[in-house]
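start28.txt follows (compact mmCIF, C-alpha atoms):
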```
# COMPACT_ATOMS: atom_id res chain seq x y z
CA MET A 1 -41.91 30.42 -12.34
CA GLU A 2 -38.71 32.45 -11.94
CA ASP A 3 -38.51 31.44 -8.28
CA GLN A 4 -38.81 27.80 -9.27
CA LYS A 5 -36.01 28.18 -11.78
CA GLU A 6 -33.73 29.85 -9.24
CA LYS A 7 -34.47 27.15 -6.68
CA ARG A 8 -33.74 24.43 -9.22
CA LEU A 9 -30.48 26.16 -10.24
CA ALA A 10 -29.45 26.44 -6.60
CA ASP A 11 -30.11 22.72 -6.11
CA ILE A 12 -28.05 21.86 -9.20
CA ARG A 13 -25.16 24.08 -8.06
CA GLU A 14 -25.13 22.42 -4.66
CA LYS A 15 -25.16 18.96 -6.19
CA LEU A 16 -22.39 19.85 -8.66
CA LYS A 17 -20.16 21.20 -5.92
CA GLY A 18 -20.56 18.01 -3.91
CA LEU A 19 -19.87 15.87 -6.96
CA LEU A 20 -16.72 17.78 -7.84
CA VAL A 21 -15.25 17.62 -4.35
CA GLU A 22 -16.03 13.92 -3.99
CA ASN A 23 -15.14 12.65 -7.44
CA LEU A 24 -12.17 14.86 -8.24
CA SER A 25 -10.51 14.15 -4.86
CA LEU A 26 -10.27 17.87 -4.14
CA GLU A 27 -8.30 18.39 -0.97
CA ASP A 28 -8.51 21.39 1.33
CA VAL A 29 -11.80 22.48 -0.16
CA THR A 30 -15.39 21.79 0.88
CA PRO A 31 -18.44 22.17 -1.38
CA ASP A 32 -19.48 25.28 0.56
CA GLU A 33 -16.15 26.96 -0.17
CA ILE A 34 -16.56 26.78 -3.95
CA LYS A 35 -18.03 30.06 -5.19
CA ASP A 36 -20.71 29.95 -7.85
CA ASP A 37 -18.71 32.15 -10.21
CA GLU A 38 -15.24 30.81 -9.35
CA ILE A 39 -13.22 29.80 -12.43
CA LEU A 40 -12.89 26.03 -12.29
CA PHE A 41 -9.74 25.54 -14.35
CA GLY A 42 -6.30 27.09 -14.16
CA ASP A 43 -5.93 29.85 -11.61
CA GLY A 44 -9.36 29.38 -10.06
CA LEU A 45 -10.13 26.07 -8.42
CA GLY A 46 -7.06 24.63 -10.15
CA LEU A 47 -8.70 21.84 -12.13
CA ASP A 48 -6.87 20.39 -15.13
CA SER A 49 -7.62 18.49 -18.33
CA LEU A 50 -8.01 15.15 -16.53
CA ASP A 51 -10.63 16.73 -14.32
CA ALA A 52 -12.45 17.94 -17.45
CA VAL A 53 -12.78 14.34 -18.61
CA GLU A 54 -14.08 13.36 -15.19
CA ILE A 55 -16.68 16.15 -15.33
CA VAL A 56 -17.87 14.85 -18.70
CA VAL A 57 -18.40 11.44 -17.06
CA LEU A 58 -20.12 13.02 -14.03
CA LEU A 59 -22.59 14.90 -16.23
CA GLN A 60 -23.40 11.73 -18.11
CA ARG A 61 -23.83 9.63 -14.97
CA ASN A 62 -25.77 12.07 -12.87
CA PHE A 63 -27.78 14.08 -15.39
CA GLY A 64 -27.75 11.94 -18.52
CA LEU A 65 -25.98 14.71 -20.46
CA GLU A 66 -23.31 14.17 -23.08
CA VAL A 67 -20.75 16.85 -23.81
CA LYS A 68 -19.09 15.88 -27.07
CA ASP A 69 -17.99 19.25 -28.35
CA MET A 70 -15.00 20.28 -26.21
CA GLU A 71 -15.09 23.84 -27.60
CA LYS A 72 -18.58 24.10 -26.18
CA GLY A 73 -17.24 22.37 -23.09
CA ARG A 74 -14.88 25.28 -22.43
CA GLU A 75 -17.87 27.60 -22.00
CA ILE A 76 -19.90 25.09 -20.03
CA PHE A 77 -17.04 24.20 -17.66
CA TYR A 78 -16.10 27.81 -16.92
CA SER A 79 -17.68 27.92 -13.47
CA ILE A 80 -20.21 26.15 -11.28
CA ASP A 81 -22.74 28.71 -12.46
CA THR A 82 -22.21 27.96 -16.17
CA LEU A 83 -22.26 24.23 -15.49
CA ALA A 84 -25.50 24.53 -13.51
CA ARG A 85 -27.16 26.58 -16.26
CA TYR A 86 -26.14 23.98 -18.86
CA VAL A 87 -27.58 21.20 -16.71
CA TYR A 88 -30.77 23.19 -16.08
CA GLU A 89 -31.33 24.07 -19.74
CA ASN A 90 -30.80 20.51 -20.87
CA THR A 91 -32.80 18.75 -18.19
CA LYS A 92 -35.76 21.08 -17.62
CA ASN A 93 -37.96 19.22 -20.05
CA LYS A 94 -37.02 15.85 -18.59
CA SER A 95 -38.20 16.51 -15.02
CA MET B 1 23.35 -5.32 -1.78
CA ASN B 2 23.08 -2.97 1.17
CA VAL B 3 19.98 -1.49 2.76
CA ALA B 4 20.65 2.24 2.91
CA GLY B 5 17.22 3.43 4.01
CA ILE B 6 13.83 2.07 5.05
CA GLY B 7 10.33 3.53 4.85
CA VAL B 8 7.30 1.98 6.50
CA VAL B 9 3.57 2.71 6.44
CA PHE B 10 1.57 0.43 8.67
CA THR B 11 -1.30 0.25 11.09
CA ARG B 12 0.49 2.10 13.87
CA GLY B 13 1.90 4.92 11.82
CA ARG B 14 4.56 5.87 9.37
CA GLY B 15 8.34 5.81 9.37
CA ILE B 16 11.01 3.40 10.53
CA ASP B 17 11.01 4.94 14.01
CA SER B 18 7.28 4.25 14.43
CA TYR B 19 7.87 0.70 13.30
CA GLU B 20 10.70 0.18 15.74
CA GLU B 21 8.56 1.63 18.52
CA ALA B 22 5.81 -0.85 17.63
CA LEU B 23 8.27 -3.75 17.70
CA ARG B 24 9.36 -2.68 21.17
CA GLN B 25 5.81 -2.11 22.34
CA GLY B 26 4.49 -5.51 21.20
CA TRP B 27 0.96 -6.54 20.38
CA VAL B 28 -1.98 -4.14 20.38
CA PRO B 29 -5.53 -5.17 19.48
CA PRO B 30 -6.64 -4.56 15.89
CA CYS B 31 -9.76 -2.55 15.08
CA ARG B 32 -12.94 -4.43 14.24
CA VAL B 33 -14.97 -3.79 11.12
CA GLU B 34 -18.41 -4.97 10.16
CA LEU B 35 -18.53 -6.78 6.85
CA SER B 36 -20.50 -4.73 4.36
CA SER B 37 -21.91 -7.97 2.93
CA ALA B 38 -22.88 -9.29 6.38
CA PRO B 39 -23.14 -6.52 9.00
CA ASP B 40 -23.72 -9.06 11.78
CA ILE B 41 -20.16 -10.34 11.27
CA SER B 42 -17.22 -8.27 12.47
CA LEU B 43 -13.63 -8.87 11.49
CA PRO B 44 -10.37 -7.85 13.22
CA VAL B 45 -8.28 -5.82 10.78
CA TYR B 46 -5.01 -3.90 11.03
CA TYR B 47 -5.95 -0.86 8.96
CA VAL B 48 -3.73 2.06 8.04
CA ALA B 49 -5.46 5.19 9.36
CA GLN B 50 -6.35 7.92 6.87
CA GLU B 51 -4.28 10.48 8.79
CA THR B 52 -1.22 8.24 8.36
CA ILE B 53 -1.42 8.63 4.59
CA THR B 54 -2.25 12.33 4.63
CA ASP B 55 0.88 14.29 3.79
CA LYS B 56 0.18 17.46 1.89
CA ALA B 57 3.84 18.12 1.16
CA VAL B 58 4.67 14.76 -0.43
CA LEU B 59 1.28 14.04 -1.96
CA ARG B 60 0.43 17.56 -3.14
CA ARG B 61 0.79 16.68 -6.82
CA ILE B 62 -0.98 13.33 -6.65
CA ARG B 63 -4.36 14.13 -5.14
CA ARG B 64 -6.03 11.60 -7.44
CA ALA B 65 -3.93 8.68 -6.17
CA ASP B 66 -5.77 5.93 -4.32
CA ARG B 67 -4.87 4.51 -0.89
CA PHE B 68 -2.73 1.79 -2.42
CA SER B 69 -0.56 4.25 -4.31
CA LYS B 70 -0.38 6.69 -1.40
CA MET B 71 0.88 4.00 0.98
CA ALA B 72 3.53 2.98 -1.55
CA VAL B 73 4.59 6.55 -2.35
CA LEU B 74 4.96 7.54 1.30
CA ALA B 75 6.97 4.43 2.24
CA ALA B 76 9.22 4.88 -0.81
CA TRP B 77 9.66 8.59 -0.10
CA ASP B 78 10.53 7.87 3.54
CA ALA B 79 13.09 5.22 2.53
CA VAL B 80 14.95 7.82 0.48
CA GLN B 81 14.71 10.42 3.25
CA ASP B 82 15.88 7.88 5.82
CA SER B 83 18.99 7.11 3.76
CA GLY B 84 20.05 10.75 3.62
CA ILE B 85 20.97 10.22 -0.04
CA VAL B 86 20.11 13.07 -2.40
CA LEU B 87 18.88 11.63 -5.68
CA GLU B 88 19.69 13.24 -8.97
CA GLU B 89 16.71 15.21 -10.29
CA LYS B 90 15.34 13.60 -13.45
CA GLY B 91 18.15 11.07 -13.17
CA SER B 92 17.97 7.47 -14.27
CA SER B 93 20.21 6.03 -11.57
CA LEU B 94 17.26 4.97 -9.39
CA GLY B 95 15.20 1.90 -10.24
CA ILE B 96 11.82 1.22 -8.64
CA ILE B 97 10.37 -2.24 -8.03
CA VAL B 98 7.00 -2.63 -6.35
CA ALA B 99 5.94 -6.05 -5.10
CA THR B 100 2.29 -6.77 -4.41
CA ALA B 101 0.09 -9.81 -3.99
CA PHE B 102 -3.24 -8.24 -4.91
CA GLY B 103 -2.43 -4.84 -6.38
CA PRO B 104 -4.86 -1.93 -6.05
CA HIS B 105 -7.81 -4.30 -5.83
CA ALA B 106 -10.11 -1.76 -4.16
CA THR B 107 -9.79 0.47 -7.22
CA THR B 108 -10.00 -2.48 -9.60
CA PHE B 109 -13.32 -3.55 -8.09
CA ARG B 110 -14.56 0.04 -8.04
CA PHE B 111 -13.84 0.19 -11.76
CA LEU B 112 -15.68 -3.09 -12.36
CA ASP B 113 -18.61 -1.90 -10.23
CA ASP B 114 -18.78 1.28 -12.30
CA ILE B 115 -19.03 -0.74 -15.51
CA LEU B 116 -21.97 -2.64 -14.02
CA ASP B 117 -23.62 0.48 -12.61
CA TYR B 118 -23.08 2.97 -15.43
CA GLY B 119 -22.06 1.01 -18.52
CA HIS B 120 -18.64 0.77 -20.09
CA ALA B 121 -18.85 4.22 -21.70
CA ASN B 122 -19.35 5.97 -18.38
CA VAL B 123 -16.61 4.69 -16.16
CA SER B 124 -14.16 7.14 -14.71
CA PRO B 125 -10.93 7.26 -16.73
CA THR B 126 -9.04 8.16 -13.56
CA ILE B 127 -10.31 5.08 -11.76
CA PHE B 128 -9.31 2.96 -14.74
CA SER B 129 -5.79 4.36 -14.79
CA HIS B 130 -5.41 3.71 -11.07
CA SER B 131 -6.69 0.16 -11.33
CA VAL B 132 -3.62 -0.93 -13.28
CA HIS B 133 -0.98 -2.42 -11.03
CA ASN B 134 1.89 -0.19 -12.12
CA ALA B 135 0.12 3.02 -11.04
CA ALA B 136 1.82 3.05 -7.63
CA ALA B 137 5.30 2.58 -9.10
CA SER B 138 4.64 5.34 -11.62
CA TYR B 139 3.52 7.69 -8.85
CA ILE B 140 6.70 6.94 -6.89
CA ALA B 141 8.81 7.85 -9.94
CA TYR B 142 6.73 10.99 -10.49
CA VAL B 143 6.97 12.21 -6.91
CA LEU B 144 10.71 11.51 -6.70
CA GLY B 145 11.26 13.00 -10.14
CA THR B 146 13.32 10.06 -11.39
CA ARG B 147 13.41 8.40 -14.80
CA GLY B 148 15.01 5.04 -14.17
CA PRO B 149 13.40 1.60 -14.76
CA THR B 150 10.08 1.12 -12.97
CA LEU B 151 8.39 -2.21 -12.53
CA THR B 152 5.60 -3.87 -10.55
CA LEU B 153 5.64 -7.56 -9.67
CA SER B 154 2.16 -8.88 -8.92
CA GLN B 155 2.29 -12.37 -7.55
CA PHE B 156 0.34 -14.11 -4.80
CA ALA B 157 3.32 -15.79 -3.15
CA PHE B 158 6.90 -14.58 -2.95
CA SER B 159 6.35 -11.31 -4.85
CA PHE B 160 8.68 -9.43 -2.50
CA HIS B 161 11.30 -12.16 -2.90
CA GLN B 162 11.15 -11.88 -6.68
CA ALA B 163 11.50 -8.12 -6.35
CA ILE B 164 14.65 -8.51 -4.26
CA ILE B 165 16.16 -10.86 -6.85
CA LEU B 166 15.42 -8.35 -9.60
CA ALA B 167 16.79 -5.43 -7.58
CA GLU B 168 20.02 -7.28 -7.04
CA SER B 169 20.35 -8.04 -10.74
CA TRP B 170 19.71 -4.40 -11.71
CA LEU B 171 22.44 -3.29 -9.32
CA ASN B 172 24.84 -6.00 -10.48
CA GLU B 173 24.26 -5.16 -14.13
CA GLY B 174 25.01 -1.54 -13.40
CA ARG B 175 21.61 -0.56 -14.69
CA CYS B 176 21.04 1.50 -11.55
CA ASP B 177 23.05 2.89 -8.66
CA TYR B 178 20.08 2.59 -6.34
CA VAL B 179 16.90 0.55 -6.33
CA LEU B 180 13.82 1.35 -4.30
CA VAL B 181 12.38 -2.08 -3.70
CA GLY B 182 9.37 -2.75 -1.53
CA GLY B 183 6.03 -4.36 -0.95
CA VAL B 184 2.54 -2.94 -0.66
CA ASP B 185 -0.90 -4.44 -0.14
CA GLU B 186 -4.20 -3.02 0.98
CA CYS B 187 -7.21 -4.30 2.83
CA HIS B 188 -10.65 -3.31 1.61
CA THR B 189 -14.20 -4.63 1.68
CA VAL B 190 -13.39 -7.18 -1.03
CA MET B 191 -10.38 -8.48 0.88
CA GLU B 192 -12.36 -8.51 4.12
CA TYR B 193 -15.01 -10.63 2.43
CA ILE B 194 -12.46 -13.03 0.93
CA CYS B 195 -10.65 -13.40 4.24
CA SER B 196 -13.90 -14.02 6.10
CA GLN B 197 -14.87 -16.73 3.61
CA LYS B 198 -11.54 -18.40 2.92
CA LEU B 199 -9.39 -17.99 6.03
CA ALA B 200 -9.66 -18.87 9.68
CA ILE B 201 -9.86 -15.49 11.41
CA ALA B 202 -8.27 -14.94 14.81
CA ASP B 203 -11.30 -13.72 16.68
CA ASP B 204 -9.16 -12.58 19.62
CA GLY B 205 -7.16 -10.46 17.16
CA LYS B 206 -3.95 -12.42 17.76
CA ILE B 207 -2.02 -13.99 14.91
CA LYS B 208 -0.16 -16.99 16.31
CA PRO B 209 2.96 -17.46 14.14
CA PHE B 210 4.18 -20.53 16.02
CA HIS B 211 1.13 -22.79 15.87
CA PHE B 212 2.22 -24.30 12.54
CA SER B 213 -1.38 -25.29 12.00
CA ALA B 214 -3.10 -26.68 8.90
CA SER B 215 -5.67 -23.90 9.23
CA PRO B 216 -3.92 -21.01 10.97
CA SER B 217 -5.71 -17.87 12.08
CA ALA B 218 -5.22 -14.58 10.29
CA VAL B 219 -5.85 -10.91 11.04
CA PRO B 220 -5.84 -9.08 7.69
CA GLY B 221 -3.45 -6.14 7.53
CA GLU B 222 -2.29 -3.53 5.06
CA GLY B 223 0.65 -1.25 4.52
CA SER B 224 3.87 -0.76 2.68
CA VAL B 225 7.60 -1.13 3.27
CA PHE B 226 10.35 0.14 0.97
CA PHE B 227 14.10 -0.29 1.06
CA LEU B 228 16.64 1.88 -0.69
CA ALA B 229 19.16 -0.70 -1.87
CA THR B 230 22.61 0.03 -3.22
CA ARG B 231 25.88 -1.80 -3.73
CA THR B 232 27.89 0.89 -1.99
CA ASN B 233 28.28 1.49 1.70
CA THR B 234 26.48 4.52 3.11
CA PRO B 235 26.59 6.17 6.53
CA LYS B 236 23.08 4.92 7.32
CA THR B 237 23.49 1.32 6.06
CA TYR B 238 21.34 -1.06 8.08
CA CYS B 239 22.54 -4.40 6.81
CA GLU B 240 23.40 -6.37 3.72
CA ILE B 241 20.93 -8.56 1.87
CA SER B 242 23.47 -11.27 1.24
CA GLY B 243 21.35 -13.85 -0.50
CA LEU B 244 17.90 -15.05 -1.37
CA PHE B 245 16.89 -18.64 -1.84
CA LEU B 246 13.63 -19.36 -3.54
CA TYR B 247 12.13 -22.84 -3.47
CA GLY B 248 14.95 -24.21 -1.35
CA ASP B 249 17.49 -23.66 1.39
CA GLY B 250 20.58 -22.88 -0.63
CA ILE B 251 23.86 -23.52 1.12
CA GLU B 252 23.15 -24.61 4.67
CA GLU B 253 24.55 -22.15 7.10
CA ALA B 254 23.01 -21.47 10.46
CA PRO B 255 22.00 -17.86 11.19
CA ASP B 256 21.88 -16.25 14.61
CA MET B 257 18.16 -15.88 14.29
CA TYR B 258 15.21 -16.86 12.11
CA ILE B 259 12.18 -14.69 11.45
CA PHE B 260 9.16 -16.66 10.31
CA ASP B 261 6.59 -15.05 8.03
CA ALA B 262 3.78 -17.29 9.34
CA ASP B 263 0.66 -15.12 9.58
CA GLY B 264 -2.28 -17.29 8.53
CA MET B 265 -2.70 -15.56 5.18
CA ALA B 266 -1.46 -18.36 2.91
CA GLY B 267 -3.26 -21.26 4.57
CA ASP B 268 -1.53 -24.45 5.74
CA GLU B 269 1.51 -23.53 7.85
CA ARG B 270 2.66 -27.02 8.80
CA GLY B 271 5.64 -26.50 6.51
CA TYR B 272 7.22 -24.27 9.16
CA LYS B 273 7.55 -27.22 11.57
CA ASP B 274 10.66 -28.63 9.90
CA ALA B 275 12.27 -25.21 9.70
CA ALA B 276 11.55 -24.72 13.41
CA ALA B 277 13.40 -27.91 14.39
CA THR B 278 16.51 -26.00 15.31
CA SER B 279 18.22 -24.60 18.35
CA VAL B 280 18.47 -21.22 16.62
CA MET B 281 16.23 -18.55 18.11
CA ILE B 282 13.03 -17.86 16.16
CA ALA B 283 10.86 -14.75 15.98
CA GLY B 284 7.73 -13.67 14.14
CA TYR B 285 6.34 -10.15 14.12
CA SER B 286 3.24 -10.43 11.94
CA PRO B 287 0.99 -9.62 14.98
CA VAL B 288 2.47 -6.09 14.80
CA PHE B 289 1.33 -5.32 11.24
CA GLY B 290 -1.21 -7.99 10.31
CA SER B 291 -1.52 -10.86 7.85
CA MET B 292 -0.21 -9.85 4.42
CA MET B 293 1.22 -11.75 1.49
CA THR B 294 3.90 -9.08 1.33
CA GLY B 295 4.59 -9.36 5.07
CA SER B 296 8.12 -10.55 4.24
CA ALA B 297 9.03 -6.91 3.57
CA PHE B 298 7.96 -5.97 7.11
CA HIS B 299 10.00 -8.85 8.51
CA CYS B 300 13.07 -7.79 6.55
CA ALA B 301 12.65 -4.31 8.01
CA ALA B 302 12.51 -5.84 11.51
CA GLY B 303 15.63 -7.89 10.74
CA ALA B 304 17.46 -4.83 9.40
CA LEU B 305 16.64 -2.90 12.58
CA MET B 306 17.85 -5.76 14.77
CA LEU B 307 21.16 -6.00 12.92
CA LYS B 308 21.74 -2.26 12.93
CA HIS B 309 20.89 -1.75 16.58
CA GLN B 310 22.11 -5.16 17.81
CA ILE B 311 18.91 -5.85 19.62
CA ARG B 312 16.28 -8.53 19.37
CA TYR B 313 12.63 -7.73 19.85
CA ALA B 314 10.37 -10.00 21.85
CA CYS B 315 7.73 -11.82 19.79
CA PRO B 316 4.51 -9.82 20.18
CA VAL B 317 2.40 -12.99 20.59
CA GLN B 318 4.24 -15.69 22.48
CA ASP B 319 1.87 -18.61 22.15
CA ASN B 320 4.45 -21.39 21.88
CA SER B 321 2.47 -24.61 21.74
CA CYS B 322 5.09 -26.20 19.45
CA GLY B 323 7.91 -25.47 21.88
CA VAL B 324 10.20 -23.53 19.55
CA ASN B 325 13.20 -21.55 20.78
CA LEU B 326 11.21 -18.36 20.87
CA CYS B 327 12.57 -14.84 21.19
CA ALA B 328 10.69 -13.95 24.36
CA VAL B 329 12.40 -10.80 25.60
CA THR B 330 13.53 -7.56 24.03
CA GLU B 331 17.23 -7.30 24.80
CA SER B 332 20.61 -6.39 23.43
CA ALA B 333 22.17 -9.20 21.48
CA GLU B 334 25.10 -9.93 19.24
CA ILE B 335 23.45 -10.73 15.92
CA LYS B 336 25.32 -11.06 12.65
CA LYS B 337 22.96 -13.10 10.46
CA ILE B 338 19.19 -13.27 10.24
CA TRP B 339 17.26 -15.46 7.81
CA CYS B 340 13.70 -14.34 7.05
CA VAL B 341 11.77 -17.45 6.07
CA ARG B 342 8.47 -17.74 4.23
CA ILE B 343 6.87 -21.11 3.48
CA ASN B 344 3.73 -21.30 1.42
CA CYS B 345 0.79 -23.68 1.73
CA VAL B 346 2.41 -26.31 -0.49
CA HIS B 347 5.54 -26.13 1.65
CA GLU B 348 7.66 -24.22 -0.86
CA LYS B 349 10.26 -22.24 1.02
CA ALA B 350 12.03 -18.96 0.47
CA SER B 351 14.54 -17.22 2.66
CA ILE B 352 16.01 -13.76 2.54
CA ARG B 353 19.38 -13.61 4.21
CA LEU B 354 20.36 -10.48 6.08
CA LYS B 355 23.87 -9.94 7.37
CA LEU B 356 25.48 -7.29 9.47
CA GLU B 357 27.23 -5.11 6.91
```

Would you mind giving the structure from this file in structure tokens?
Amino acid sequence: MEDQKEKRLADIREKLKGLLVENLSLEDVTPDEIKDDEILFGDGLGLDSLDAVEIVVLLQRNFGLEVKDMEKGREIFYSIDTLARYVYENTKNKS
Amino acid sequence: MNVAGIGVVFTRGRGIDSYEEALRQGWVPPCRVELSSAPDISLPVYYVAQETITDKAVLRRIRRADRFSKMAVLAAWDAVQDSGIVLEEKGSSLGIIVATAFGPHATTFRFLDDILDYGHANVSPTIFSHSVHNAAASYIAYVLGTRGPTLTLSQFAFSFHQAIILAESWLNEGRCDYVLVGGVDECHTVMEYICSQKLAIADDGKIKPFHFSASPSAVPGEGSVFFLATRTNTPKTYCEISGLFLYGDGIEEAPDMYIFDADGMAGDERGYKDAAATSVMIAGYSPVFGSMMTGSAFHCAAGALMLKHQIRYACPVQDNSCGVNLCAVTESAEIKKIWCVRINCVHEKASIRLKLE
């Protein structure tokens, strides 16, 4: 069960990294280069508030998830790892 | 007004030097692309290569910009660099006028596709903001750090001509000391489809500007040209834009050379026949950059180079079935006046008059 969860989380992380690079027009960075625990905004990957809005749209399009509370969004959007856990927790009953 | 600097982004590279090299070199075959809607059909297209619009120094703060905006920004940036003029940071002395026939249509259609695919609530806000026609002009202002008037003129025919008229009036009014005025258009799957359905395509990849045919052949192109215009004389001044006549000839005065914008993009080109009934030498360089409704900007750049360097470039495709006085050889020449002429499918004429400054 735990193995399945870890595998699913790994798949989500990989997908999220690809989506970010492609949809946020990130230059000089490949999906493989984004660390799971790297801070996405500010000093980390360097994303900004416009990117946050794009991520909201990406989550809706690709996982059917709505992030309406931006305070909650701050925690969710902290890193690829936190994003992946949010996606996992909110989609595990759908699949 | 004087042309103090020129920036060019086109199929064979970037910069006025690359453009001049291409004019000297002549015709090269376009690439061929398969239509996404009909993979069995291939189309000759003069594309701008991705590496041409990759400049991490200039574009570092505009990673989200689309191809359309990047082409415009780089040509505008290069025009300023070419002039050697240092613009005032956050100053309002520079105006920006972008002329386009179709705007950022690739992004516009991507936005529309997203509405169909994901619903109106789930379209990318970034794609929406880039689909508006003034995005490129705003990016130019942002990258150059200027705060003067910024405008985009979207018009199928004569958009570049209208932009020149406006630039001149801004300078005359004293609204600006400099105006970056230019044209930009892109080619994308939508444009490829439209061209394949609505235009005769030159299957051999050669635009023939002197056929003056009712259904001329086109080779779709893309790119951007910008001019830094000013009323004052500068060390780098190429030429003077001494007049522009829209929907008519203005005062008749023979130039030393005509450049015809005929490129197959606007349909019926029989209107050029009357204009070609002259002993004045005629040239057309659309086979260098492709068929574009804003091709007049590229021709003005060619004219400016010829006046500055006192040279005329051989026509890249010299099919002369109408027997015009064609510019057939690249050679030194004494040239003081060049009229760049565009005639649309209903035979309305516009000419931009370039004079040795």

Checklist entry - What lies within 7 Å of region 24-35 of chain A using all atoms listed in the file, ignoring chain neighbours under 6 positions off, as a list in words? => result Lys17, Gly18 and Asp51 of chain A; Arg63 and Arg64 of chain B

Distance limit 8 Å, atoms considered: only C-alpha atoms. Which chain B residues sit that close to chain A? Return them as a PyMOL selection string.
chain B and resi 63-64+118+122-126

With C-alpha atoms retained, export the selected residues as a JSON list (two decimals), keeping the file's coordinate frame.
```json
[["chain", "number", "residue", "atom", "x", "y", "z"],
["B", 63, "ARG", "CA", -4.36, 14.13, -5.14],
["B", 64, "ARG", "CA", -6.03, 11.60, -7.44],
["B", 118, "TYR", "CA", -23.08, 2.97, -15.43],
["B", 122, "ASN", "CA", -19.35, 5.97, -18.38],
["B", 123, "VAL", "CA", -16.61, 4.69, -16.16],
["B", 124, "SER", "CA", -14.16, 7.14, -14.71],
["B", 125, "PRO", "CA", -10.93, 7.26, -16.73],
["B", 126, "THR", "CA", -9.04, 8.16, -13.56]]
```

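Considering only C-alpha atoms, the residue among B:Trp77, B:Pro30, B:Phe68, B:Phe298 positioned nearest to Asn134 (chain B) is B:Phe68.
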
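In this model, the gap between CA of Val179 (chain B) and CA of Leu166 (chain B) comes to 9.6 Å.
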
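For the point (-5.8, -4.1, 23.6) in file coordinates, the residues within 12 Å, using all atoms listed in the file, are B:Gln25, B:Gly26, B:Trp27, B:Val28, B:Pro29, B:Pro30, B:Cys31, B:Arg32, B:Pro44, B:Asp204, B:Gly205, B:Lys206.
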
Can you list, as a tab-separated table (two decimals) with C-alpha atoms, in the frame of the given file, every protein, DNA or RNA residue that comes within 10 Å of Glu34 (chain B) when you count only C-alpha atoms, leaving out same-chain residues fewer than 3 positions away?
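Final output, out28.tsv:
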```tsv
chain	number	residue	atom	x	y	z
B	37	SER	CA	-21.91	-7.97	2.93
B	38	ALA	CA	-22.88	-9.29	6.38
B	39	PRO	CA	-23.14	-6.52	9.00
B	40	ASP	CA	-23.72	-9.06	11.78
B	41	ILE	CA	-20.16	-10.34	11.27
B	42	SER	CA	-17.22	-8.27	12.47
B	43	LEU	CA	-13.63	-8.87	11.49
B	44	PRO	CA	-10.37	-7.85	13.22
B	189	THR	CA	-14.20	-4.63	1.68
B	192	GLU	CA	-12.36	-8.51	4.12
```

At what distance in Å, to one decimal, does CA of Ala101 (chain B) lie from CA of Met293 (chain B)?
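CA of Ala101 (chain B) lies 5.9 Å from CA of Met293 (chain B).
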
Using all atoms listed in the file, the best pick from B:Cys315, B:Ile207, B:Ala4, B:Met292 as closest to Phe156 (chain B) would be B:Met292

Centre, edges in Å (one decimal): axis-aligned box, region 67-76 of chain A, 4 Å padding on all six sides, as lines of an AutoDock Vina configuration file:
```
center_x = -17.8
center_y = 21.7
center_z = -24.2
size_x = 13.9
size_y = 19.7
size_z = 16.3
```

From the options B:Thr230, B:Ser36, B:Ser129, B:Ser92, which residue's atoms come nearest to Ala65 (chain B), counting only C-alpha atoms?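 Smallest distance to Ala65 (chain B) is found for B:Ser129.
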
Using N, CA and C atoms, give me region 71-80 of chain B from the structure I just pasted, as a PDB file, in the first residue's frame.
```pdb
ATOM      1  N   MET B  71       9.937  38.415 -31.606  1.00  0.00           N
ATOM      2  CA  MET B  71      10.460  38.942 -32.873  1.00  0.00           C
ATOM      3  C   MET B  71      10.427  40.467 -32.861  1.00  0.00           C
ATOM      4  N   ALA B  72       9.320  41.024 -32.368  1.00  0.00           N
ATOM      5  CA  ALA B  72       9.176  42.484 -32.332  1.00  0.00           C
ATOM      6  C   ALA B  72      10.184  43.106 -31.368  1.00  0.00           C
ATOM      7  N   VAL B  73      10.310  42.515 -30.180  1.00  0.00           N
ATOM      8  CA  VAL B  73      11.216  43.077 -29.173  1.00  0.00           C
ATOM      9  C   VAL B  73      12.661  43.082 -29.682  1.00  0.00           C
ATOM     10  N   LEU B  74      13.078  41.963 -30.282  1.00  0.00           N
ATOM     11  CA  LEU B  74      14.473  41.873 -30.720  1.00  0.00           C
ATOM     12  C   LEU B  74      14.767  42.849 -31.861  1.00  0.00           C
ATOM     13  N   ALA B  75      13.825  42.986 -32.806  1.00  0.00           N
ATOM     14  CA  ALA B  75      14.047  43.934 -33.912  1.00  0.00           C
ATOM     15  C   ALA B  75      14.077  45.371 -33.370  1.00  0.00           C
ATOM     16  N   ALA B  76      13.174  45.675 -32.441  1.00  0.00           N
ATOM     17  CA  ALA B  76      13.138  47.028 -31.867  1.00  0.00           C
ATOM     18  C   ALA B  76      14.414  47.308 -31.071  1.00  0.00           C
ATOM     19  N   TRP B  77      14.804  46.341 -30.276  1.00  0.00           N
ATOM     20  CA  TRP B  77      16.044  46.475 -29.480  1.00  0.00           C
ATOM     21  C   TRP B  77      17.239  46.726 -30.406  1.00  0.00           C
ATOM     22  N   ASP B  78      17.322  45.925 -31.473  1.00  0.00           N
ATOM     23  CA  ASP B  78      18.452  46.054 -32.396  1.00  0.00           C
ATOM     24  C   ASP B  78      18.451  47.397 -33.117  1.00  0.00           C
ATOM     25  N   ALA B  79      17.266  47.944 -33.393  1.00  0.00           N
ATOM     26  CA  ALA B  79      17.195  49.252 -34.061  1.00  0.00           C
ATOM     27  C   ALA B  79      17.817  50.326 -33.165  1.00  0.00           C
ATOM     28  N   VAL B  80      17.532  50.242 -31.876  1.00  0.00           N
ATOM     29  CA  VAL B  80      18.107  51.216 -30.937  1.00  0.00           C
ATOM     30  C   VAL B  80      19.624  51.030 -30.842  1.00  0.00           C
TER      31      VAL B  80
END
```
